[in-house]
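File shown: structure.txt. Contents: compact mmCIF, C-alpha atoms.
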# COMPACT_ATOMS: atom_id res chain seq x y z
CA MET A 1 105.67 110.30 78.62
CA ARG A 2 104.22 107.06 77.30
CA THR A 3 100.65 105.98 77.95
CA LEU A 4 100.39 103.34 80.65
CA ARG A 5 97.80 100.67 81.15
CA VAL A 6 96.61 100.64 84.76
CA VAL A 7 94.46 98.07 86.54
CA SER A 8 92.83 99.10 89.80
CA LEU A 9 91.67 96.51 92.30
CA LEU A 10 88.87 97.78 94.53
CA GLY A 11 88.88 95.69 97.69
CA SER A 12 86.10 97.45 99.56
CA PRO A 13 82.85 95.62 100.28
CA ARG A 14 81.17 99.01 99.90
CA LYS A 15 81.00 99.63 96.18
CA ASN A 16 80.32 103.35 96.65
CA GLY A 17 82.18 103.95 99.89
CA ASN A 18 85.09 106.22 100.77
CA THR A 19 87.71 103.96 99.16
CA ALA A 20 85.78 103.81 95.90
CA ARG A 21 85.47 107.59 95.83
CA VAL A 22 89.18 108.24 96.41
CA LEU A 23 90.05 105.56 93.85
CA LYS A 24 87.73 107.25 91.35
CA TRP A 25 89.67 110.49 91.78
CA VAL A 26 92.91 108.61 91.14
CA GLU A 27 91.45 106.96 88.04
CA GLU A 28 90.13 110.26 86.70
CA SER A 29 93.57 111.87 87.14
CA LEU A 30 95.20 109.00 85.29
CA GLN A 31 92.68 109.13 82.45
CA LYS A 32 93.01 112.90 82.19
CA ALA A 33 96.76 112.38 81.72
CA GLY A 34 96.02 109.96 78.85
CA HIS A 35 96.48 106.61 80.62
CA THR A 36 94.01 103.75 80.33
CA VAL A 37 92.41 102.43 83.50
CA GLU A 38 90.36 99.31 84.16
CA ARG A 39 88.76 98.90 87.57
CA LEU A 40 88.07 95.43 88.94
CA ASP A 41 85.54 95.19 91.78
CA ILE A 42 87.16 92.30 93.66
CA PRO A 43 84.38 91.62 96.22
CA ALA A 44 81.88 91.21 93.36
CA LEU A 45 84.00 88.37 91.94
CA GLY A 46 83.64 86.17 95.03
CA LEU A 47 87.16 84.81 94.80
CA GLU A 48 88.21 81.79 96.82
CA GLY A 49 91.32 81.77 98.97
CA CYS A 50 94.51 79.82 98.33
CA SER A 51 94.22 76.13 99.24
CA GLY A 52 97.98 75.63 99.57
CA CYS A 53 97.92 72.83 96.98
CA HIS A 54 101.00 74.23 95.15
CA LEU A 55 99.62 73.28 91.73
CA CYS A 56 100.90 76.65 90.53
CA GLN A 57 104.41 75.88 91.77
CA ASN A 58 104.49 72.49 90.09
CA SER A 59 103.59 73.91 86.67
CA PRO A 60 105.87 75.43 84.01
CA ALA A 61 107.02 78.95 84.93
CA GLU A 62 105.32 80.55 81.94
CA ASP A 63 101.93 79.00 82.78
CA LEU A 64 99.41 80.74 85.00
CA VAL A 65 97.74 77.88 86.88
CA CYS A 66 95.48 77.60 89.93
CA SER A 67 93.28 74.82 91.27
CA ARG A 68 90.53 77.32 92.11
CA HIS A 69 87.85 77.54 89.42
CA ASP A 70 86.83 81.17 89.73
CA ARG A 71 87.89 84.41 88.04
CA GLY A 72 91.20 84.73 89.90
CA LEU A 73 93.34 83.81 86.89
CA GLU A 74 91.39 86.32 84.79
CA VAL A 75 92.30 89.04 87.31
CA PHE A 76 95.94 87.95 87.30
CA GLY A 77 95.96 88.02 83.49
CA LYS A 78 94.80 91.64 83.51
CA MET A 79 97.42 92.53 86.13
CA ILE A 80 100.16 90.90 84.05
CA ALA A 81 99.04 92.80 80.94
CA ALA A 82 99.09 96.12 82.83
CA ASP A 83 102.01 98.46 83.45
CA ALA A 84 100.76 99.42 86.90
CA VAL A 85 98.37 97.97 89.47
CA ILE A 86 96.54 99.83 92.25
CA TYR A 87 95.45 97.91 95.33
CA ALA A 88 92.67 99.96 96.99
CA THR A 89 91.23 98.93 100.35
CA PRO A 90 89.78 100.34 103.51
CA LEU A 91 91.85 99.45 106.54
CA TYR A 92 90.21 96.56 108.37
CA TRP A 93 91.92 95.32 111.52
CA TRP A 94 95.33 96.75 110.44
CA ASP A 95 95.14 94.92 107.09
CA PHE A 96 93.42 94.42 103.74
CA THR A 97 89.73 93.55 103.71
CA ALA A 98 88.68 89.90 103.74
CA GLN A 99 87.26 90.39 100.24
CA ILE A 100 90.62 91.18 98.60
CA LYS A 101 92.77 88.99 100.85
CA PRO A 102 91.99 85.77 98.88
CA LEU A 103 93.46 87.39 95.76
CA ILE A 104 96.55 88.52 97.65
CA ASP A 105 97.09 85.07 99.16
CA ARG A 106 96.88 83.60 95.66
CA HIS A 107 99.75 85.81 94.44
CA LEU A 108 101.78 82.62 94.86
CA CYS A 109 100.42 81.78 91.37
CA LEU A 110 102.44 84.70 90.03
CA VAL A 111 105.87 83.51 91.16
CA ARG A 112 108.00 80.43 90.46
CA GLY A 113 111.10 79.04 92.10
CA THR A 114 110.13 80.36 95.53
CA ASP A 115 112.71 78.14 97.25
CA ASP A 116 115.36 80.66 96.25
CA PRO A 117 114.15 84.29 96.58
CA ALA A 118 117.31 85.53 94.87
CA THR A 119 116.55 83.74 91.62
CA HIS A 120 112.79 83.14 91.57
CA ARG A 121 110.74 84.56 88.72
CA SER A 122 107.57 86.63 88.85
CA HIS A 123 104.86 87.50 86.35
CA LEU A 124 104.69 90.93 88.05
CA ALA A 125 108.41 91.68 87.68
CA GLY A 126 108.96 95.32 86.82
CA LYS A 127 105.35 96.39 87.42
CA ARG A 128 104.60 99.63 89.24
CA LEU A 129 102.33 98.98 92.23
CA GLY A 130 100.30 101.45 94.23
CA LEU A 131 98.67 101.02 97.62
CA LEU A 132 95.64 103.18 98.40
CA VAL A 133 94.22 102.81 101.91
CA THR A 134 91.37 104.66 103.56
CA ALA A 135 91.18 104.61 107.34
CA TYR A 136 88.64 105.56 109.96
CA ASP A 137 91.42 106.59 112.32
CA HIS A 138 94.92 108.05 112.00
CA ALA A 139 97.62 106.93 109.57
CA GLY A 140 101.04 105.58 110.39
CA GLU A 141 102.50 103.68 113.30
CA GLY A 142 99.98 101.71 115.27
CA ASN A 143 97.36 101.79 112.51
CA SER A 144 98.36 101.63 108.83
CA ASP A 145 102.04 100.74 109.27
CA LEU A 146 101.41 96.98 109.11
CA ILE A 147 99.53 97.04 105.80
CA SER A 148 102.27 99.24 104.31
CA GLU A 149 105.01 96.86 105.42
CA MET A 150 103.13 93.82 104.16
CA PHE A 151 102.55 95.52 100.81
CA ARG A 152 106.23 96.42 100.46
CA ARG A 153 107.26 92.85 101.20
CA MET A 154 104.72 91.48 98.73
CA ALA A 155 105.96 93.85 96.02
CA GLU A 156 109.57 92.90 96.69
CA PHE A 157 108.79 89.18 96.54
CA CYS A 158 106.90 89.74 93.27
CA LYS A 159 109.90 91.72 91.95
CA ALA A 160 107.68 94.75 91.46
CA SER A 161 108.15 98.26 92.82
CA VAL A 162 105.97 100.30 95.16
CA ALA A 163 105.59 103.39 93.03
CA ALA A 164 102.95 105.13 95.14
CA GLU A 165 101.35 104.80 98.52
CA LEU A 166 98.50 106.83 99.98
CA VAL A 167 96.74 106.45 103.30
CA VAL A 168 93.75 108.74 103.69
CA PRO A 169 92.92 108.91 107.43
CA PHE A 170 89.96 110.11 109.47
CA LEU A 171 87.31 109.12 106.95
CA ARG A 172 84.30 108.53 109.15
CA THR A 173 81.68 109.59 106.60
CA PRO A 174 81.76 110.65 102.93
CA LEU A 175 81.48 114.23 104.18
CA ASP A 176 85.10 113.92 105.34
CA LEU A 177 86.21 113.76 101.70
CA GLY A 178 87.04 117.07 100.10
CA PRO A 179 89.59 119.04 98.08
CA MET A 180 92.53 118.04 100.30
CA GLN A 181 91.88 114.33 99.76
CA GLN A 182 91.23 114.89 96.06
CA ASP A 183 94.60 116.61 95.74
CA SER A 184 96.27 113.68 97.53
CA ALA A 185 94.61 111.32 95.04
CA ARG A 186 95.98 113.37 92.13
CA ARG A 187 99.51 113.26 93.56
CA PHE A 188 99.20 109.51 94.11
CA ALA A 189 98.25 109.09 90.43
CA GLU A 190 101.28 111.11 89.36
CA GLU A 191 103.60 109.05 91.55
CA LEU A 192 102.15 105.82 90.23
CA VAL A 193 103.01 106.66 86.64
CA GLY A 194 106.31 108.33 87.49
CA VAL A 195 105.48 111.99 86.98
CA ALA A 196 106.11 113.25 90.53
The structure in this file should be written as structure tokens.
Amino acid sequence: MRTLRVVSLLGSPRKNGNTARVLKWVEESLQKAGHTVERLDIPALGLEGCSGCHLCQNSPAEDLVCSRHDRGLEVFGKMIAADAVIYATPLYWWDFTAQIKPLIDRHLCLVRGTDDPATHRSHLAGKRLGLLVTAYDHAGEGNSDLISEMFRRMAEFCKASVAAELVVPFLRTPLDLGPMQQDSARRFAEELVGVA
């Protein structure tokens, strides 16, 4: 199996919270298998949201352009250079956190020709994407189903594939994390790189 380059996007406002801990287990599993991993702490970057100006859509397809003058394009560049991208977030109000949402809204920068979904192009085409969600409550319908559906639609529009998805429920304190969750993180890592 070839070595993959993985970028992980930590969307939690708590740098050392439950999401960060589960993501660390995923990253350690990937590194142990010989893959390279770079974590980006998205809240620390203070990214601005999409302004809807469509500068990106009115630029050549090969160019990565945004009217926002922050580190968003740097993050996108790392994602484009990677083979796989992990989106890690606690579940806030059935969705991604407000800290990572600006980056997600700006994914418009990564696609061109959006008037025709059948023929549009994407800088993320062919990438393997993983969604890692930690939740205070249960997983599935009525709680994490909306974030999963949104992620699948985003991946499809970006012409990428959802290679792995993990929702870790009932995490009220760090004491709720143990061997069972660590094993789930390992399996998620294997799915992301296509081992499982």
Spatial neighbours of Lys127 (chain A), max dist 8 Å, all atoms listed in the file, sep filter under 3 positions, as a PyMOL selection string: chain A and resi 82-85+124+159-161
Using C-alpha atoms, can you export the residues from the last selection as a compact mmCIF listing (two decimals), in the frame of the given file?
# COMPACT_ATOMS: atom_id res chain seq x y z
CA ALA A 82 99.09 96.12 82.83
CA ASP A 83 102.01 98.46 83.45
CA ALA A 84 100.76 99.42 86.90
CA VAL A 85 98.37 97.97 89.47
CA LEU A 124 104.69 90.93 88.05
CA LYS A 159 109.90 91.72 91.95
CA ALA A 160 107.68 94.75 91.46
CA SER A 161 108.15 98.26 92.82
Write out as a tab-separated table (two decimals) with C-alpha atoms, in the frame of the given file which residues come within 7 Å of Thr36 (chain A) when counting only C-alpha atoms, dropping same-chain ones fewer than 6 positions away.
chain	number	residue	atom	x	y	z
A	4	LEU	CA	100.39	103.34	80.65
A	5	ARG	CA	97.80	100.67	81.15
A	6	VAL	CA	96.61	100.64	84.76
9 Å contact set for Ile104 (chain A), all atoms listed in the file, chain neighbours under 3 positions out, as an NGL selection string: :A and (49-50 or 100-101 or 107-108 or 154)
Atom pair CA of Ala88 (chain A) / CA of Ser8 (chain A): separation (Å):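 According to the coordinates, CA of Ala88 (chain A) and CA of Ser8 (chain A) are separated by 7.2 Å.
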For CA of Gln181 (chain A) and CA of Ala33 (chain A), the interatomic separation in Å (one decimal):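 Answer for the CA of Gln181 (chain A) to CA of Ala33 (chain A) separation: 18.8 Å.
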Using all atoms listed in the file: which of A:Arg71, A:Lys32, A:Arg152, A:Arg128 has the shortest distance to Arg106 (chain A):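 Residue with the minimum atom-to-atom distance to Arg106 (chain A): A:Arg71.
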Starting from 5 Å padding per side, set up an axis-aligned box that covers all listed atoms of region 112-130 of chain A and hand over centre and edge lengths in Å, one decimal, as JSON.
{"center_x": 108.8, "center_y": 89.8, "center_z": 91.8, "size_x": 27.0, "size_y": 33.3, "size_z": 20.9}
Proximity to Asn18 (chain A) - best of A:Ala118, A:Val167, A:Met79, A:Ile147, only C-alpha atoms: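 The shortest atom-to-atom distance to Asn18 (chain A) comes from A:Val167.
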Minimum-distance residue to Arg14 (chain A), chosen among A:Gly113, A:Pro90, A:Gly52, A:Gly34 (using only C-alpha atoms):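 Under the stated criterion, the closest residue is A:Pro90.
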Near-Cys53 (chain A) list (10 Å; all atoms listed in the file; drop same-chain fewer than 5 positions) as a PyMOL selection string: chain A and resi 58+66-68
With C-alpha atoms retained, export the selected residues as an mmCIF file, in the frame of the given file.
data_model
loop_
_atom_site.group_PDB
_atom_site.id
_atom_site.type_symbol
_atom_site.label_atom_id
_atom_site.label_comp_id
_atom_site.auth_asym_id
_atom_site.auth_seq_id
_atom_site.Cartn_x
_atom_site.Cartn_y
_atom_site.Cartn_z
ATOM 1 C CA ASN A 58 104.490 72.490 90.090
ATOM 2 C CA CYS A 66 95.480 77.600 89.930
ATOM 3 C CA SER A 67 93.280 74.820 91.270
ATOM 4 C CA ARG A 68 90.530 77.320 92.110
#
